[in-house]
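Visitor: Pasting model04.cif below, which is mmCIF, C-alpha atoms.
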data_work
#
loop_
_atom_site.label_atom_id
_atom_site.label_comp_id
_atom_site.auth_asym_id
_atom_site.auth_seq_id
_atom_site.Cartn_x
_atom_site.Cartn_y
_atom_site.Cartn_z
CA SER A 1 -98.66 -43.13 15.65
CA SER A 2 -97.35 -40.88 18.41
CA GLY A 3 -94.64 -43.39 19.43
CA ILE A 4 -96.12 -43.39 22.93
CA ASN A 5 -97.20 -46.82 24.10
CA LYS A 6 -99.80 -47.28 26.79
CA LYS A 7 -97.26 -48.57 29.29
CA LEU A 8 -95.28 -45.34 29.06
CA TYR A 9 -98.43 -43.24 29.32
CA ASN A 10 -99.53 -45.11 32.46
CA LYS A 11 -96.08 -44.66 33.98
CA TYR A 12 -96.44 -40.89 33.73
CA LYS A 13 -100.04 -41.09 34.86
CA GLU A 14 -99.05 -42.92 38.05
CA SER A 15 -96.91 -39.94 39.07
CA ILE A 16 -99.95 -37.66 39.01
CA LYS A 17 -102.11 -37.25 42.06
CA ALA A 18 -105.65 -38.56 41.46
CA ILE A 19 -108.43 -36.00 41.94
CA ASN A 20 -112.08 -36.44 42.89
CA PHE A 21 -113.66 -33.65 40.87
CA GLU A 22 -117.10 -34.15 42.40
CA ASP A 23 -115.90 -32.61 45.67
CA ILE A 24 -113.83 -29.96 43.92
CA ILE A 25 -116.78 -28.83 41.78
CA LYS A 26 -118.82 -28.20 44.93
CA GLU A 27 -116.00 -26.09 46.38
CA TYR A 28 -115.54 -24.28 43.07
CA ASP A 29 -119.24 -23.38 42.81
CA HIS A 30 -119.45 -22.45 46.50
CA ASN A 31 -116.49 -20.06 46.18
CA LYS A 32 -117.99 -18.33 43.14
CA ASN A 33 -115.93 -20.09 40.48
CA ASN A 34 -112.64 -20.14 42.31
CA ILE A 35 -110.86 -22.78 44.37
CA ILE A 36 -107.70 -20.74 44.89
CA LYS A 37 -107.25 -19.80 48.52
CA ASP A 38 -104.67 -17.65 50.28
CA ASP A 39 -101.89 -20.17 50.68
CA ASN A 40 -98.15 -19.68 51.09
CA ASN A 41 -97.45 -23.03 49.46
CA LYS A 42 -96.46 -22.17 45.87
CA ASP A 43 -96.88 -25.73 44.59
CA LYS A 44 -100.42 -25.90 45.96
CA LYS A 45 -101.27 -22.55 44.40
CA LYS A 46 -99.94 -23.76 41.06
CA PHE A 47 -101.97 -26.96 41.36
CA ASN A 48 -105.12 -25.00 42.27
CA GLN A 49 -104.64 -22.69 39.29
CA LYS A 50 -104.43 -25.62 36.86
CA VAL A 51 -107.58 -27.17 38.33
CA ASN A 52 -109.27 -23.77 38.16
CA ASP A 53 -108.37 -23.49 34.48
CA ILE A 54 -110.09 -26.82 33.81
CA LEU A 55 -113.21 -25.94 35.79
CA ASP A 56 -113.50 -22.55 34.08
CA LEU A 57 -114.36 -24.39 30.85
CA LYS A 58 -116.58 -27.13 32.24
CA ASP A 59 -119.82 -25.37 31.29
CA VAL A 60 -118.65 -24.88 27.72
CA PHE A 61 -117.75 -28.51 27.09
CA ILE A 62 -119.60 -30.68 29.60
CA ILE A 63 -123.04 -29.31 30.49
CA THR A 64 -123.63 -28.60 26.82
CA TYR A 65 -123.27 -32.30 26.04
CA THR A 66 -124.59 -33.74 29.34
CA ILE A 67 -121.68 -36.07 29.99
CA ASN A 68 -120.49 -37.47 33.34
CA PRO A 69 -118.46 -34.50 34.58
CA ASN A 70 -116.14 -36.32 37.01
CA ARG A 71 -114.87 -38.76 34.38
CA ILE A 72 -114.38 -36.06 31.76
CA LEU A 73 -112.69 -33.62 34.15
CA SER A 74 -110.35 -36.33 35.45
CA SER A 75 -109.37 -37.30 31.90
CA VAL A 76 -108.72 -33.69 30.89
CA TYR A 77 -106.62 -33.10 34.00
CA THR A 78 -104.57 -36.27 33.47
CA ILE A 79 -104.02 -35.64 29.77
CA THR A 80 -102.78 -32.08 30.29
CA GLN A 81 -100.47 -33.08 33.16
CA VAL A 82 -98.97 -36.02 31.25
CA PHE A 83 -98.41 -33.82 28.20
CA PHE A 84 -96.29 -31.28 30.08
CA LEU A 85 -94.38 -34.05 31.88
CA MET A 86 -93.52 -35.61 28.52
CA ARG A 87 -92.79 -32.26 26.88
CA PRO A 88 -90.84 -30.13 29.38
CA ASP A 89 -89.80 -27.96 26.41
CA CYS A 90 -93.39 -26.68 26.30
CA LYS A 91 -94.46 -23.99 28.74
CA TYR A 92 -97.76 -24.46 30.56
CA ASN A 93 -100.51 -23.06 28.37
CA LYS A 94 -104.16 -23.21 29.45
CA SER A 95 -105.18 -23.40 25.78
CA ILE A 96 -104.33 -27.09 25.83
CA ILE A 97 -107.27 -27.62 28.18
CA SER A 98 -109.91 -26.76 25.57
CA LEU A 99 -108.19 -29.09 23.09
CA SER A 100 -108.13 -31.85 25.71
CA TYR A 101 -111.86 -31.43 26.37
CA LEU A 102 -112.56 -31.67 22.66
CA PHE A 103 -110.52 -34.83 22.14
CA VAL A 104 -112.05 -36.55 25.18
CA LEU A 105 -115.51 -35.74 23.80
CA VAL A 106 -114.61 -37.11 20.37
CA PHE A 107 -112.60 -40.23 21.28
CA LYS A 108 -114.14 -41.04 24.70
CA ASP A 109 -111.05 -43.08 25.68
CA GLU A 110 -108.45 -41.16 27.74
CA TYR A 111 -105.31 -42.76 26.28
CA LEU A 112 -106.56 -42.51 22.70
CA SER A 113 -107.48 -38.86 23.33
CA PHE A 114 -103.98 -38.17 24.63
CA CYS A 115 -102.25 -39.81 21.65
CA ASN A 116 -104.30 -37.78 19.17
CA LEU A 117 -103.77 -34.56 21.12
CA TYR A 118 -100.02 -35.20 21.37
CA ASN A 119 -99.77 -35.91 17.65
CA LEU A 120 -101.78 -32.82 16.75
CA ILE A 121 -99.65 -30.42 18.80
CA CYS A 122 -96.22 -31.97 18.30
CA SER A 123 -96.55 -32.71 14.59
CA SER A 124 -97.82 -29.31 13.47
CA SER A 125 -97.17 -25.58 13.66
CA ILE A 126 -99.30 -25.48 16.84
CA LEU A 127 -96.21 -26.61 18.78
CA GLU A 128 -94.59 -23.20 18.21
CA TYR A 129 -97.36 -21.56 20.26
CA TYR A 130 -96.50 -23.87 23.17
CA HIS A 131 -92.83 -23.00 22.73
CA LYS A 132 -93.79 -19.29 22.87
CA ASN A 133 -91.79 -18.75 19.67
CA GLU A 134 -92.12 -14.97 19.32
CA LYS A 135 -90.61 -14.79 15.82
CA PHE A 136 -92.95 -17.50 14.51
CA ILE A 137 -96.04 -16.02 16.18
CA GLY A 138 -95.13 -12.47 15.11
CA SER A 139 -94.85 -13.50 11.46
CA ARG A 140 -98.32 -15.07 11.59
CA ILE A 141 -99.84 -11.96 13.12
CA LYS A 142 -98.21 -9.81 10.45
CA PHE A 143 -99.54 -12.02 7.64
CA PHE A 144 -103.04 -12.06 9.14
CA ASP A 145 -103.00 -8.25 9.33
CA GLN A 146 -102.16 -8.17 5.62
CA LEU A 147 -105.06 -10.52 4.90
CA LEU A 148 -107.41 -8.41 7.01
CA LYS A 149 -106.39 -5.26 5.15
CA SER A 150 -106.96 -6.83 1.72
CA LYS A 151 -110.06 -8.94 2.52
CA ILE A 152 -111.94 -6.79 5.05
CA PRO A 153 -110.46 -3.26 4.82
CA LYS A 154 -113.24 -1.58 6.83
CA ILE A 155 -112.64 -3.89 9.79
CA CYS A 156 -108.90 -3.36 9.50
CA LYS A 157 -109.38 0.40 9.68
CA HIS A 158 -111.89 0.09 12.55
CA PHE A 159 -109.52 -2.09 14.58
CA ASN A 160 -106.66 0.33 13.94
CA ASN A 161 -108.78 3.30 15.06
CA LEU A 162 -109.61 1.44 18.28
CA ASP A 163 -105.98 0.37 18.69
CA ILE A 164 -106.97 -3.32 18.67
CA SER A 165 -104.10 -5.66 17.91
CA SER A 166 -105.08 -8.90 16.18
CA GLU A 167 -102.66 -10.66 18.52
CA LEU A 168 -105.23 -10.27 21.29
CA PHE A 169 -107.60 -12.78 19.66
CA LEU A 170 -105.62 -14.52 16.91
CA VAL A 171 -103.11 -16.35 19.14
CA SER A 172 -105.90 -17.78 21.29
CA TRP A 173 -107.82 -18.88 18.19
CA PHE A 174 -104.82 -20.61 16.65
CA GLU A 175 -103.37 -22.34 19.70
CA THR A 176 -106.81 -23.77 20.55
CA ILE A 177 -107.71 -24.36 16.88
CA PHE A 178 -110.89 -22.33 17.51
CA SER A 179 -112.20 -24.85 20.06
CA LEU A 180 -113.64 -22.03 22.18
CA ALA A 181 -114.95 -19.92 19.32
CA LEU A 182 -116.96 -22.43 17.27
CA ASP A 183 -119.67 -24.98 18.01
CA TYR A 184 -118.83 -28.67 18.35
CA ASN A 185 -120.12 -29.85 14.95
CA THR A 186 -118.36 -27.07 13.07
CA LEU A 187 -115.16 -27.75 15.01
CA ARG A 188 -115.05 -31.38 13.92
CA ARG A 189 -115.11 -30.30 10.29
CA ILE A 190 -112.50 -27.61 10.87
CA PHE A 191 -110.22 -30.19 12.51
CA ASP A 192 -110.58 -32.48 9.47
CA LEU A 193 -109.70 -29.60 7.14
CA TYR A 194 -106.74 -28.59 9.29
CA LEU A 195 -105.32 -32.12 9.37
CA LEU A 196 -105.82 -32.43 5.61
CA ASN A 197 -104.66 -28.98 4.47
CA GLY A 198 -102.49 -27.57 7.23
CA GLU A 199 -101.96 -24.10 8.63
CA TYR A 200 -103.63 -22.00 5.96
CA ILE A 201 -107.02 -23.28 7.13
CA LEU A 202 -106.48 -21.44 10.43
CA PHE A 203 -106.14 -18.13 8.61
CA GLN A 204 -109.16 -18.87 6.45
CA VAL A 205 -111.33 -19.67 9.49
CA ALA A 206 -110.14 -16.48 11.24
CA ILE A 207 -111.03 -14.32 8.24
CA THR A 208 -114.42 -16.05 7.95
CA ILE A 209 -115.32 -15.45 11.61
CA ILE A 210 -114.65 -11.73 11.21
CA LYS A 211 -116.20 -11.46 7.74
CA ILE A 212 -119.58 -12.91 8.74
CA GLN A 213 -119.76 -10.50 11.69
CA GLU A 214 -118.42 -7.48 9.85
CA ASP A 215 -121.53 -5.29 10.20
CA GLU A 216 -121.82 -5.92 13.94
CA LEU A 217 -118.11 -5.39 14.58
CA LEU A 218 -118.11 -2.04 12.78
CA ASN A 219 -120.69 -0.73 15.24
CA PHE A 220 -119.15 -2.12 18.40
CA THR A 221 -116.78 -0.70 21.00
CA ILE A 222 -113.69 -2.55 22.18
CA SER A 223 -115.38 -4.56 24.96
CA ASP A 224 -118.24 -5.64 22.69
CA ILE A 225 -115.82 -6.63 19.93
CA PHE A 226 -113.95 -9.05 22.19
CA LYS A 227 -117.21 -10.58 23.39
CA VAL A 228 -118.28 -11.22 19.80
CA LEU A 229 -114.90 -12.64 18.78
CA LYS A 230 -114.76 -14.94 21.79
CA LYS A 231 -117.67 -17.11 20.64
CA LEU A 232 -119.49 -17.10 17.32
CA PRO A 233 -123.26 -16.52 17.76
CA LYS A 234 -125.43 -19.67 17.74
CA GLU A 235 -127.29 -18.66 14.60
CA TYR A 236 -124.19 -19.45 12.54
CA LYS A 237 -124.74 -23.18 12.31
CA GLU A 238 -122.32 -25.65 10.79
CA ASP A 239 -123.60 -25.53 7.20
CA ILE A 240 -123.82 -21.74 7.13
CA PHE A 241 -120.32 -21.32 8.49
CA MET A 242 -118.77 -23.90 6.14
CA GLU A 243 -120.42 -22.26 3.13
CA LYS A 244 -118.93 -18.91 4.16
CA LEU A 245 -115.56 -20.57 4.82
CA TYR A 246 -115.28 -22.02 1.32
CA SER A 247 -116.18 -18.65 -0.21
CA ASN A 248 -113.28 -16.97 1.62
CA ASP A 249 -110.43 -19.02 0.16
CA ILE A 250 -107.01 -17.54 0.96
CA TYR A 251 -104.73 -20.38 -0.21
CA LEU A 252 -103.09 -18.33 -2.98
CA GLU A 253 -102.20 -15.53 -0.56
CA TYR A 254 -100.92 -18.05 1.97
CA ASP A 255 -98.83 -19.90 -0.62
CA ASN A 256 -97.22 -16.65 -1.81
CA TRP A 257 -96.52 -15.64 1.78
CA VAL A 258 -94.85 -19.00 2.56
CA LYS A 259 -92.66 -18.64 -0.52
CA SER A 260 -91.65 -15.12 0.50
CA GLN A 261 -90.81 -16.41 3.99
CA THR A 262 -88.61 -19.12 2.48
CA ILE A 263 -86.76 -16.63 0.26
CA GLU A 264 -86.27 -14.24 3.18
CA SER A 265 -84.89 -17.07 5.32
CA GLN A 266 -82.42 -18.08 2.59
CA ILE A 267 -81.25 -14.47 2.18
CA ASN A 268 -80.69 -14.17 5.93
CA LYS A 269 -78.63 -17.39 5.93
CA LEU A 270 -76.48 -16.14 3.05
CA SER A 271 -75.88 -12.80 4.77
CA THR A 272 -74.38 -14.60 7.77
CA LEU A 273 -71.83 -16.53 5.69
#
Kindly return the structure encoded in the file as structure tokens.

Guide:
Amino acid sequence: SSGINKKLYNKYKESIKAINFEDIIKEYDHNKNNIIKDDNNKDKKKFNQKVNDILDLKDVFIITYTINPNRILSSVYTITQVFFLMRPDCKYNKSIISLSYLFVLVFKDEYLSFCNLYNLICSSSILEYYHKNEKFIGSRIKFFDQLLKSKIPKICKHFNNLDISSELFLVSWFETIFSLALDYNTLRRIFDLYLLNGEYILFQVAITIIKIQEDELLNFTISDIFKVLKKLPKEYKEDIFMEKLYSNDIYLEYDNWVKSQTIESQINKLSTL
């Protein structure tokens, strides 16, 4: 349980301005995927940017599944706004939008979607990405780079030659739990594994995405690489991806890394005494 009753949720919801997305979608499409206008009102610009962020992903999550767009968009908007009202310690992060879409698709009910989203972010390491915890994020990037070097050395060398930092794709993958990179059916299984096994699954999925595209990535330039990493090609269906995922187990490496992090933390504490 998230500890958030429906009465409290509705109280926050009442403070949010209701939006008719049917009219906004028309404006968005008419203005070539942008509703932001030249306006001196900073609050209105901020509001428009948040709505824009939601509409930018509508084709990914809505048209694909032919669901009533106004209801879904309204739920996603409300969920994201209520979250940041309840958690002022978290900085606005558009990555929460893709997670909100996914939960609304899975649970259908807005309040239930919010509770599950809130629990997922606030009860796991994902919260550190919304806190912009540089030390935490930096340690994850460093560990992933070690994994990349040991598991896929050719890619590691190729990325280094092109001066590609794994931070440029890894942070987005992790803070959205791959909700923009993988298809819906695969995502549901990844979410189950993440909830069951924790953070190491994120690293294993990341390594798998790169491993199954290794040949293509080695022949691509920087711009092509980011296109490929943004969304896994459709031919990698759920069963194919999961088979590859299980063959790329990294739990032992992750467990050793966590232990080394714990020892390092204890040493640092002792040195300050």

Visitor: Record the distance separating CA of Ile177 (chain A) and CA of Ile79 (chain A), expressed in Å with one decimal.

Guide: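 It comes out at 17.5 Å.
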
Visitor: As a PyMOL selection string, please: the residues near Asn10 (chain A) (cut-off 12 Å, all atoms listed in the file, same-chain neighbours under 3 positions excluded).

Guide: chain A and resi 4-7+13-16+78-79+82+86+110-111+114

Visitor: Export C-alpha atoms of the chosen residues as a short mmCIF file (atom, residue, chain, number, x, y, z; two decimals), keeping the file's coordinate frame?

Guide:
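The new file out17.cif reads:
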data_model
loop_
_atom_site.label_atom_id
_atom_site.label_comp_id
_atom_site.auth_asym_id
_atom_site.auth_seq_id
_atom_site.Cartn_x
_atom_site.Cartn_y
_atom_site.Cartn_z
CA ILE A 4 -96.12 -43.39 22.93
CA ASN A 5 -97.20 -46.82 24.10
CA LYS A 6 -99.80 -47.28 26.79
CA LYS A 7 -97.26 -48.57 29.29
CA LYS A 13 -100.04 -41.09 34.86
CA GLU A 14 -99.05 -42.92 38.05
CA SER A 15 -96.91 -39.94 39.07
CA ILE A 16 -99.95 -37.66 39.01
CA THR A 78 -104.57 -36.27 33.47
CA ILE A 79 -104.02 -35.64 29.77
CA VAL A 82 -98.97 -36.02 31.25
CA MET A 86 -93.52 -35.61 28.52
CA GLU A 110 -108.45 -41.16 27.74
CA TYR A 111 -105.31 -42.76 26.28
CA PHE A 114 -103.98 -38.17 24.63
#

Visitor: Can you list, as a list in words, every protein, DNA or RNA residue that comes within 12 Å of Asn160 (chain A) when you count all atoms listed in the file, leaving out same-chain residues fewer than 5 positions away?

Guide: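 With the cut-off at 12 Å, the set is Asp145, Leu148, Lys149, Pro153, Lys154, Ile155, Ser165, Ser166, Leu218 and Ile222 of chain A.
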
Visitor: Mind telling me what the PyMOL selection byres ((chain A and resi 181) around 9) catches here, as a list in words?

Guide: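 Going through the file, the PyMOL selection byres ((chain A and resi 181) around 9) ends up selecting Trp173, Ile177, Phe178, Ser179, Leu180, Leu182, Asp183, Leu187, Ile209, Leu229, Lys230, Lys231 and Leu232 of chain A.
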
Visitor: By how many Å are CA of Asp109 (chain A) and CA of Arg188 (chain A) apart?

Guide: 17.1 Å

Visitor: List the spatial neighbours of Gln204 (chain A) as a list of chain:residue names - criterion: any atom at most 9 Å away, only C-alpha atoms, same-chain residues fewer than 3 positions off excluded.

Guide: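 My list of contacting residues is A:Tyr200, A:Ile201, A:Ile207, A:Thr208, A:Ile209, A:Leu245, A:Tyr246, A:Asn248, A:Asp249, A:Ile250, A:Tyr251.
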
Visitor: What does the structure give for the distance between CA of Asp215 (chain A) and CA of Leu193 (chain A), in Å to one decimal?

Guide: 27.2 Å

Visitor: For region 118-126 of chain A, please output as a list in words all residues within 9 Å (counting only C-alpha atoms; exclusion window: fewer than 4 positions along the same chain).

Guide: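 Here the qualifying residues turn out to be Ser1, Ser2, Phe83, Ser113, Phe114, Tyr130, Phe174, Glu175, Thr176, Ile177, Leu195, Gly198 and Glu199 of chain A.
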
Visitor: Pick from A:Phe107, A:Tyr92, A:Tyr101, A:Phe47: nearest to Val76 (chain A), with all atoms listed in the file counted?

Guide: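 Ranking A:Phe107, A:Tyr92, A:Tyr101, A:Phe47 by distance to Val76 (chain A), first place goes to A:Tyr101.
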
Visitor: Here is a test: counting all atoms listed in the file, which residue of A:Cys156, A:Phe226, A:Ile72, A:Leu217 is nearest to Leu168 (chain A)?

Guide: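 The closest residue to Leu168 (chain A) is A:Phe226.
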
Visitor: Can you tell me which residues surround Glu134 (chain A) at a distance of at most 12 Å, considering only C-alpha atoms, apart from same-chain residues fewer than 6 positions away, and format the answer as a PyMOL selection string?

Guide: chain A and resi 128+140-142+167+171

Visitor: Keeping only C-alpha atoms, write the selected residues to a file as a compact mmCIF listing (two decimals), keeping the file's coordinate frame.

Guide:
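For reference, result.txt as written:
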# COMPACT_ATOMS: atom_id res chain seq x y z
CA GLU A 128 -94.59 -23.20 18.21
CA ARG A 140 -98.32 -15.07 11.59
CA ILE A 141 -99.84 -11.96 13.12
CA LYS A 142 -98.21 -9.81 10.45
CA GLU A 167 -102.66 -10.66 18.52
CA VAL A 171 -103.11 -16.35 19.14

Visitor: Step by step: start from the point (-109.2, -39.7, 41.7) in the file's coordinates, keep every protein, DNA or RNA residue that has an atom no farther than 12 Å from it, count only C-alpha atoms, and write the set as a ChimeraX atom specification.

Guide: /A:13-14,16-24,70-75,77-78

Visitor: Counting only C-alpha atoms, which of A:Lys211, A:His158, A:Lys234, A:Lys151 gets nearest to Thr186 (chain A)?

Guide: A:Lys234

Visitor: Give me the box for region 89-97 of chain A as lines of an AutoDock Vina configuration file, namely the centre and edge lengths in Å to one decimal of a box along x, y and z that holds every listed atom plus 8 Å on each side.

Guide:
center_x = -98.5
center_y = -25.5
center_z = 28.2
size_x = 33.5
size_y = 20.9
size_z = 20.8
